[in-house]
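S.K.: Just entry.txt, nothing more (compact mmCIF, C-alpha atoms):
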# COMPACT_ATOMS: atom_id res chain seq x y z
CA LYS P 1 34.00 34.71 36.61
CA LEU P 2 37.80 34.56 36.52
CA ASP P 3 39.54 32.07 38.80
CA THR P 4 42.96 33.65 39.34
CA ALA P 5 42.79 37.39 38.65
CA GLN P 6 42.42 38.47 42.30
CA ALA P 7 45.11 36.07 43.53
CA ASP P 8 47.43 37.25 40.75
CA ALA P 9 46.95 40.94 41.60
CA MET P 10 47.48 40.42 45.32
CA ALA P 11 50.55 38.19 44.90
CA ILE P 12 52.23 40.56 42.47
CA GLY P 13 51.38 43.53 44.65
CA ASN P 14 52.88 41.83 47.71
CA LEU P 15 56.05 40.88 45.85
CA LEU P 16 56.57 44.37 44.44
CA SER P 17 56.08 45.82 47.91
CA GLU P 18 58.29 43.41 49.85
CA ARG P 19 61.13 42.76 47.41
CA TYR P 20 61.18 45.93 45.27
CA HIS P 21 59.80 48.46 47.81
CA PHE P 22 56.92 49.68 45.67
CA GLN P 23 54.08 51.57 47.34
CA VAL P 24 51.18 49.36 46.26
CA ASN P 25 47.46 50.06 45.88
CA VAL P 26 45.45 46.92 45.01
CA LEU P 27 41.99 47.47 43.53
CA LEU P 28 39.69 44.42 43.30
CA ASP P 29 36.44 44.08 41.33
CA VAL P 30 36.47 47.72 40.25
CA THR P 31 34.34 49.68 37.82
CA ARG P 32 35.47 51.78 34.88
CA GLY P 33 35.01 54.88 37.03
CA ASP P 34 37.16 53.41 39.81
CA ILE P 35 40.02 52.78 37.40
CA ILE P 36 39.86 56.23 35.84
CA GLN P 37 39.64 57.87 39.28
CA SER P 38 42.74 55.98 40.43
CA LEU P 39 44.69 56.98 37.31
CA ASP P 40 43.63 60.61 37.78
CA GLU P 41 44.86 60.52 41.39
CA TYR P 42 48.28 59.38 40.20
CA ARG P 43 48.22 62.18 37.65
CA MET P 44 47.80 64.65 40.50
CA LYS P 45 50.42 63.31 42.92
CA LEU P 46 53.26 61.78 40.87
CA SER P 47 56.28 63.75 39.65
CA GLU P 48 59.32 63.23 37.44
CA LYS P 49 61.01 61.60 40.43
CA ASP P 50 58.49 58.75 40.45
CA ASN P 51 57.91 55.52 38.56
CA LEU P 52 54.53 53.83 38.10
CA LEU P 53 53.62 50.22 37.32
CA ILE P 54 50.00 49.51 36.42
CA TYR P 55 48.95 45.83 36.53
CA PHE P 56 45.60 44.73 35.11
CA ALA P 57 44.26 41.18 35.39
CA GLY P 58 40.79 40.71 33.97
CA HIS P 59 38.70 40.34 30.88
CA GLY P 60 39.71 41.99 27.61
CA TRP P 61 37.97 42.38 24.29
CA VAL P 62 38.68 43.70 20.81
CA ASP P 63 36.02 45.45 18.75
CA LYS P 64 36.77 44.29 15.22
CA GLY P 65 34.71 47.08 13.70
CA SER P 66 36.75 49.89 15.26
CA GLU P 67 39.92 47.76 15.69
CA ARG P 68 40.05 48.98 19.27
CA GLY P 69 40.99 46.94 22.33
CA TYR P 70 39.22 47.27 25.68
CA TRP P 71 39.59 46.32 29.33
CA LEU P 72 36.28 45.06 30.74
CA PRO P 73 35.78 46.21 34.36
CA ILE P 74 33.37 44.55 36.80
CA ASN P 75 30.40 46.60 35.52
CA ALA P 76 30.98 45.95 31.80
CA GLU P 77 28.04 44.58 29.81
CA LYS P 78 28.09 42.57 26.59
CA ASP P 79 27.42 44.63 23.44
CA ASN P 80 27.36 47.86 25.47
CA ARG P 81 30.60 49.87 25.53
CA THR P 82 29.41 52.38 28.15
CA ASN P 83 31.53 50.85 30.90
CA TRP P 84 34.37 49.43 28.80
CA LEU P 85 37.82 51.04 29.12
CA SER P 86 39.52 51.53 25.76
CA ASN P 87 43.20 51.42 24.88
CA ALA P 88 42.88 55.07 23.90
CA ASP P 89 41.71 55.92 27.44
CA ILE P 90 44.69 54.05 28.91
CA THR P 91 47.13 55.74 26.54
CA ASP P 92 45.76 59.22 27.30
CA SER P 93 46.01 58.62 31.05
CA VAL P 94 49.56 57.24 30.83
CA LYS P 95 50.67 60.18 28.70
CA ALA P 96 49.27 62.71 31.19
CA ILE P 97 50.85 61.16 34.28
CA ASN P 98 54.06 62.99 35.26
CA ALA P 99 56.04 59.93 36.37
CA LYS P 100 59.38 59.45 34.63
CA ARG P 101 58.68 55.85 33.76
CA VAL P 102 55.33 54.04 33.41
CA LEU P 103 54.98 50.32 32.74
CA VAL P 104 51.55 48.83 32.00
CA VAL P 105 51.33 45.06 32.55
CA VAL P 106 48.19 43.48 31.13
CA ASP P 107 47.03 39.89 31.69
CA SER P 108 43.84 39.65 29.67
CA CYS P 109 42.52 38.25 26.42
CA TYR P 110 43.41 40.29 23.30
CA SER P 111 45.84 42.40 25.35
CA GLY P 112 48.19 42.63 22.34
CA THR P 113 46.02 45.40 20.88
CA LEU P 114 48.00 47.78 23.11
CA THR P 115 51.27 46.78 21.41
CA ARG P 116 50.08 46.43 17.83
CA GLY P 117 52.23 47.98 15.15
CA LEU P 118 55.34 48.83 17.17
CA GLU P 119 58.12 46.47 18.19
CA ARG P 120 60.89 47.10 20.70
CA GLY P 121 63.46 46.05 18.11
CA VAL P 122 66.93 44.60 18.66
CA ARG P 123 68.87 45.87 21.63
CA ILE P 124 72.30 47.28 20.79
CA PRO P 125 74.88 45.56 23.05
CA THR P 126 76.44 48.02 25.49
CA LEU P 127 78.08 47.87 28.89
CA LYS P 128 75.30 47.45 31.43
CA SER P 129 76.35 50.42 33.54
CA LYS P 130 76.47 52.66 30.48
CA ARG P 131 73.08 51.46 29.24
CA PHE P 132 71.38 52.06 32.58
CA GLY P 133 73.06 55.46 32.90
CA ILE P 134 71.53 56.57 29.61
CA MET P 135 68.19 54.98 30.42
CA LEU P 136 67.80 56.82 33.72
CA GLY P 137 67.60 60.14 31.95
CA LEU P 138 64.87 59.09 29.52
CA ARG P 139 61.10 59.07 29.85
CA SER P 140 59.49 55.69 29.14
CA ARG P 141 55.96 54.49 28.47
CA THR P 142 55.89 50.74 27.81
CA VAL P 143 53.46 47.82 27.94
CA LEU P 144 54.01 44.14 28.74
CA THR P 145 51.12 41.86 27.76
CA SER P 146 50.32 38.22 28.46
CA GLY P 147 49.54 37.52 24.81
CA GLY P 148 48.75 38.97 21.43
CA LEU P 149 45.42 38.99 19.62
CA GLU P 150 44.23 35.74 21.20
CA PRO P 151 42.54 34.47 24.36
CA VAL P 152 44.92 33.73 27.26
CA LEU P 153 44.77 31.18 30.06
CA ASP P 154 43.11 32.01 33.37
CA GLY P 155 44.97 29.41 35.38
CA GLY P 156 47.60 26.75 34.72
CA GLY P 157 50.27 28.37 36.92
CA ASN P 158 50.14 26.93 40.46
CA GLY P 159 47.07 28.87 41.49
CA HIS P 160 47.86 31.75 39.15
CA SER P 161 47.55 32.39 35.44
CA VAL P 162 50.43 31.07 33.34
CA PHE P 163 51.60 34.62 32.71
CA ALA P 164 51.33 35.79 36.33
CA ASN P 165 53.18 32.70 37.53
CA ALA P 166 56.05 33.37 35.11
CA LEU P 167 56.14 37.03 36.14
CA LEU P 168 56.23 36.14 39.84
CA LEU P 169 59.03 33.61 39.35
CA ALA P 170 61.11 36.01 37.28
CA LEU P 171 60.80 38.78 39.86
CA LYS P 172 61.47 36.43 42.79
CA GLN P 173 64.57 34.90 41.20
CA ASN P 174 66.06 38.21 40.09
CA ASN P 175 68.95 39.50 42.19
CA GLU P 176 70.19 42.39 40.06
CA VAL P 177 69.07 45.62 38.47
CA ILE P 178 67.17 44.76 35.29
CA ASP P 179 65.02 46.64 32.84
CA ALA P 180 61.59 45.51 31.71
CA THR P 181 62.97 44.36 28.36
CA GLU P 182 65.15 41.81 30.15
CA LEU P 183 62.21 40.83 32.36
CA PHE P 184 60.15 40.23 29.22
CA TYR P 185 62.79 37.92 27.75
CA ARG P 186 62.81 35.87 30.95
CA ILE P 187 59.00 35.55 30.96
CA ARG P 188 58.28 34.98 27.28
CA ARG P 189 59.97 31.60 26.85
CA GLN P 190 58.32 30.08 29.93
CA VAL P 191 54.83 31.28 28.98
CA SER P 192 55.23 30.13 25.37
CA LEU P 193 56.23 26.67 26.63
CA ASP P 194 53.30 26.39 29.04
CA ALA P 195 50.48 27.83 26.91
CA GLU P 196 49.40 28.72 23.40
CA GLN P 197 50.01 32.41 23.95
CA SER P 198 53.02 34.63 23.39
CA PRO P 199 53.71 37.65 25.64
CA GLN P 200 54.62 40.93 23.95
CA TYR P 201 56.56 44.00 25.02
CA SER P 202 56.47 47.36 23.28
CA ASN P 203 56.60 51.11 23.60
CA ILE P 204 53.15 52.68 23.95
CA ARG P 205 52.54 54.81 20.89
CA LEU P 206 51.49 58.45 21.27
CA ALA P 207 52.16 58.42 25.04
CA GLY P 208 55.38 60.43 25.29
CA HIS P 209 57.91 57.58 25.22
CA GLU P 210 61.53 58.57 24.52
CA VAL P 211 63.57 56.17 22.39
CA GLY P 212 65.96 54.20 24.60
CA GLY P 213 63.91 54.61 27.75
CA ASP P 214 62.74 51.61 29.77
CA PHE P 215 61.32 50.66 33.17
CA ILE P 216 63.84 49.50 35.78
CA PHE P 217 63.49 46.96 38.61
CA LEU P 218 65.84 47.17 41.60
CA PRO P 219 65.55 44.38 44.22
CA GLN P 220 66.19 45.35 47.82
Mind turning this structure into structure tokens?

M.R.:
Amino acid sequence: KLDTAQADAMAIGNLLSERYHFQVNVLLDVTRGDIIQSLDEYRMKLSEKDNLLIYFAGHGWVDKGSERGYWLPINAEKDNRTNWLSNADITDSVKAINAKRVLVVVDSCYSGTLTRGLERGVRIPTLKSKRFGIMLGLRSRTVLTSGGLEPVLDGGGNGHSVFANALLLALKQNNEVIDATELFYRIRRQVSLDAEQSPQYSNIRLAGHEVGGDFIFLPQ
């Protein structure tokens, strides 16, 4: 049983709703089918005018034989992949959703399997207004993870996981338009100081990402 996953999901959902005016749907203790059904519903109702942030807090696993990462829903069983949710399933769903920008935030062990093999690279300095102007026209599919190919802490962050606590603080303290790359930079140092895990941020491969695109946060 995880100690902080539910509190993390609810706190982040509340903050995104109240400060950033997201329409939030919090799912607790869900099955693989529940997750897929929810993603399929977003596929049906979202358009190019929409943005989507998917936040997952829970157990994760990597199958060394297939080199595939998985989310483990509430009905997952050890050594039985029937109810595991693979990175490939997530990627396929994210690619099919019509939203302009999709950001997947994952706080689970071995979450770095979603980012493996592709780095964001060095940002080219530009005027902020010009950079955001270009970014708004581009489709983005990105993932922010709490760690790489290692276990991550469930706790250690004032009633939250170390990663969720850093994410909450960064979003609460932000008073300007920022992209998810900047959010990642603000989170990474704090998490690396507080735990033996290093958050990662990357484009999702084979999901329709356009180079230069990114997710944008606008506080209200």

S.K.: Please report the interatomic distance between CA of Lys100 in chain P and CA of Arg141 in chain P in Å with one decimal.

M.R.: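 We find that CA of Lys100 in chain P and CA of Arg141 in chain P lie 8.6 Å from each other.
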
S.K.: Taking into account only C-alpha atoms, which residue in the set P:Glu196, P:Asp8, P:Asp89, P:Asp40 is nearest to Gly157 in chain P?

M.R.: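 Closest residue, counting only C-alpha atoms: P:Asp8.
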
S.K.: Would you write out, as a tab-separated table, a table of all residues in range 133-196 of chain P that have an atom no more than 10 Å from an atom of range 49-72 of chain P, listing for each the closest atom pair and the distance in Å to one decimal, considering only C-alpha atoms and ordering rows by chain and rising residue number?

M.R.:
residue	atom	partner	partner_atom	distance
P:Arg139	CA	P:Asn51	CA	9.9
P:Ser140	CA	P:Asn51	CA	9.6
P:Arg141	CA	P:Leu52	CA	9.8
P:Thr142	CA	P:Leu53	CA	9.8
P:Val143	CA	P:Ile54	CA	9.3
P:Leu144	CA	P:Tyr55	CA	9.4
P:Thr145	CA	P:Phe56	CA	9.6
P:Ser146	CA	P:Ala57	CA	9.7
P:Leu149	CA	P:Val62	CA	8.3
P:Glu150	CA	P:Trp61	CA	9.6
P:Pro151	CA	P:Gly60	CA	8.7
P:Val152	CA	P:His59	CA	9.8
P:Asp154	CA	P:Gly58	CA	9.0
P:Ser161	CA	P:Ala57	CA	9.4
P:Ala164	CA	P:Ala57	CA	8.9

S.K.: Go ahead and compute the interatomic distance for CA of Asn83 in chain P and CA of Thr113 in chain P, in Å to one decimal.

M.R.: 18.4 Å

S.K.: Choose the residue, out of P:Ile187, P:Ile134, P:Leu103, P:Leu28, that has the smallest atom-to-atom separation from Gln173 in chain P; count all atoms listed in the file.

M.R.: P:Ile187

S.K.: Go through P:Arg189, P:Lys78, P:Lys172, P:Arg101 and flag the residue nearest Leu16 in chain P, using only C-alpha atoms for the distances.

M.R.: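 Going through P:Arg189, P:Lys78, P:Lys172, P:Arg101 one by one, the smallest distance to Leu16 in chain P is for P:Lys172.
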
S.K.: Taking into account all atoms listed in the file, which residue in the set P:Leu169, P:Ala96, P:Leu193, P:Asn175 is nearest to Ala207 in chain P?

M.R.: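 Once distances to Ala207 in chain P are computed over all atoms listed in the file, the minimum belongs to P:Ala96.
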
S.K.: Taking (35.5, 41.1, 44.0) in the file's own coordinates, collect the residues within 9 Å, counting all atoms listed in the file, and hand them back as a count of residues only.

M.R.: 5

S.K.: Rounded to one decimal in Å, what is the spacing between CA of Ile97 in chain P and CA of Glu48 in chain P?

M.R.: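 About the pair CA of Ile97 in chain P and CA of Glu48 in chain P: they are 9.3 Å apart.
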
S.K.: Which residues are close to range 11-13 of chain P, i.e. within 7 Å by all atoms listed in the file, leaving aside same-chain residues fewer than 6 positions away? Reply as a ChimeraX atom specification.

M.R.: /P:24,26,168

S.K.: Which residues are close to Phe184 in chain P, i.e. within 12 Å by all atoms listed in the file, leaving aside same-chain residues fewer than 5 positions away? Reply as a list in words.

M.R.: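 Here the answer would be Leu103, Val105, Arg120, Thr142, Val143, Leu144, Thr145, Ser146, Gly147, Phe163, Ala166, Leu167, Ala170, Leu171, Ile178, Asp179, Arg189, Gln190, Val191, Ser192, Ser198, Pro199, Gln200, Tyr201, Ser202, Asp214, Phe215 and Ile216 of chain P.
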
S.K.: Which polymer residues have any atom within 9 Å of an atom of Leu39 in chain P, counting all atoms listed in the file, with same-chain residues fewer than 6 positions away left out, as a ChimeraX atom specification?

M.R.: /P:90,93-94,97

S.K.: Ranking P:Asp194, P:Asp79, P:Glu176, P:Glu182 by minimum distance to Gly155 in chain P and counting all atoms listed in the file, which one comes first?

M.R.: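 Using all atoms listed in the file, Gly155 in chain P sits closest to P:Asp194.
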
S.K.: Smallest atom-to-atom distance to Met44 in chain P: which of P:Leu27, P:Ala88, P:Ala99, P:Met10, using all atoms listed in the file?

M.R.: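 Comparing P:Leu27, P:Ala88, P:Ala99, P:Met10 against Met44 in chain P, the winner is P:Ala99.
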
S.K.: Please give the centre and size of the box around range 7-24 of chain P (axis-aligned, containing every atom listed in the file, 6 Å added per side), with values in Å to one decimal and written as JSON.

M.R.:
{"center_x": 53.1, "center_y": 43.8, "center_z": 45.3, "size_x": 28.1, "size_y": 27.5, "size_z": 21.1}
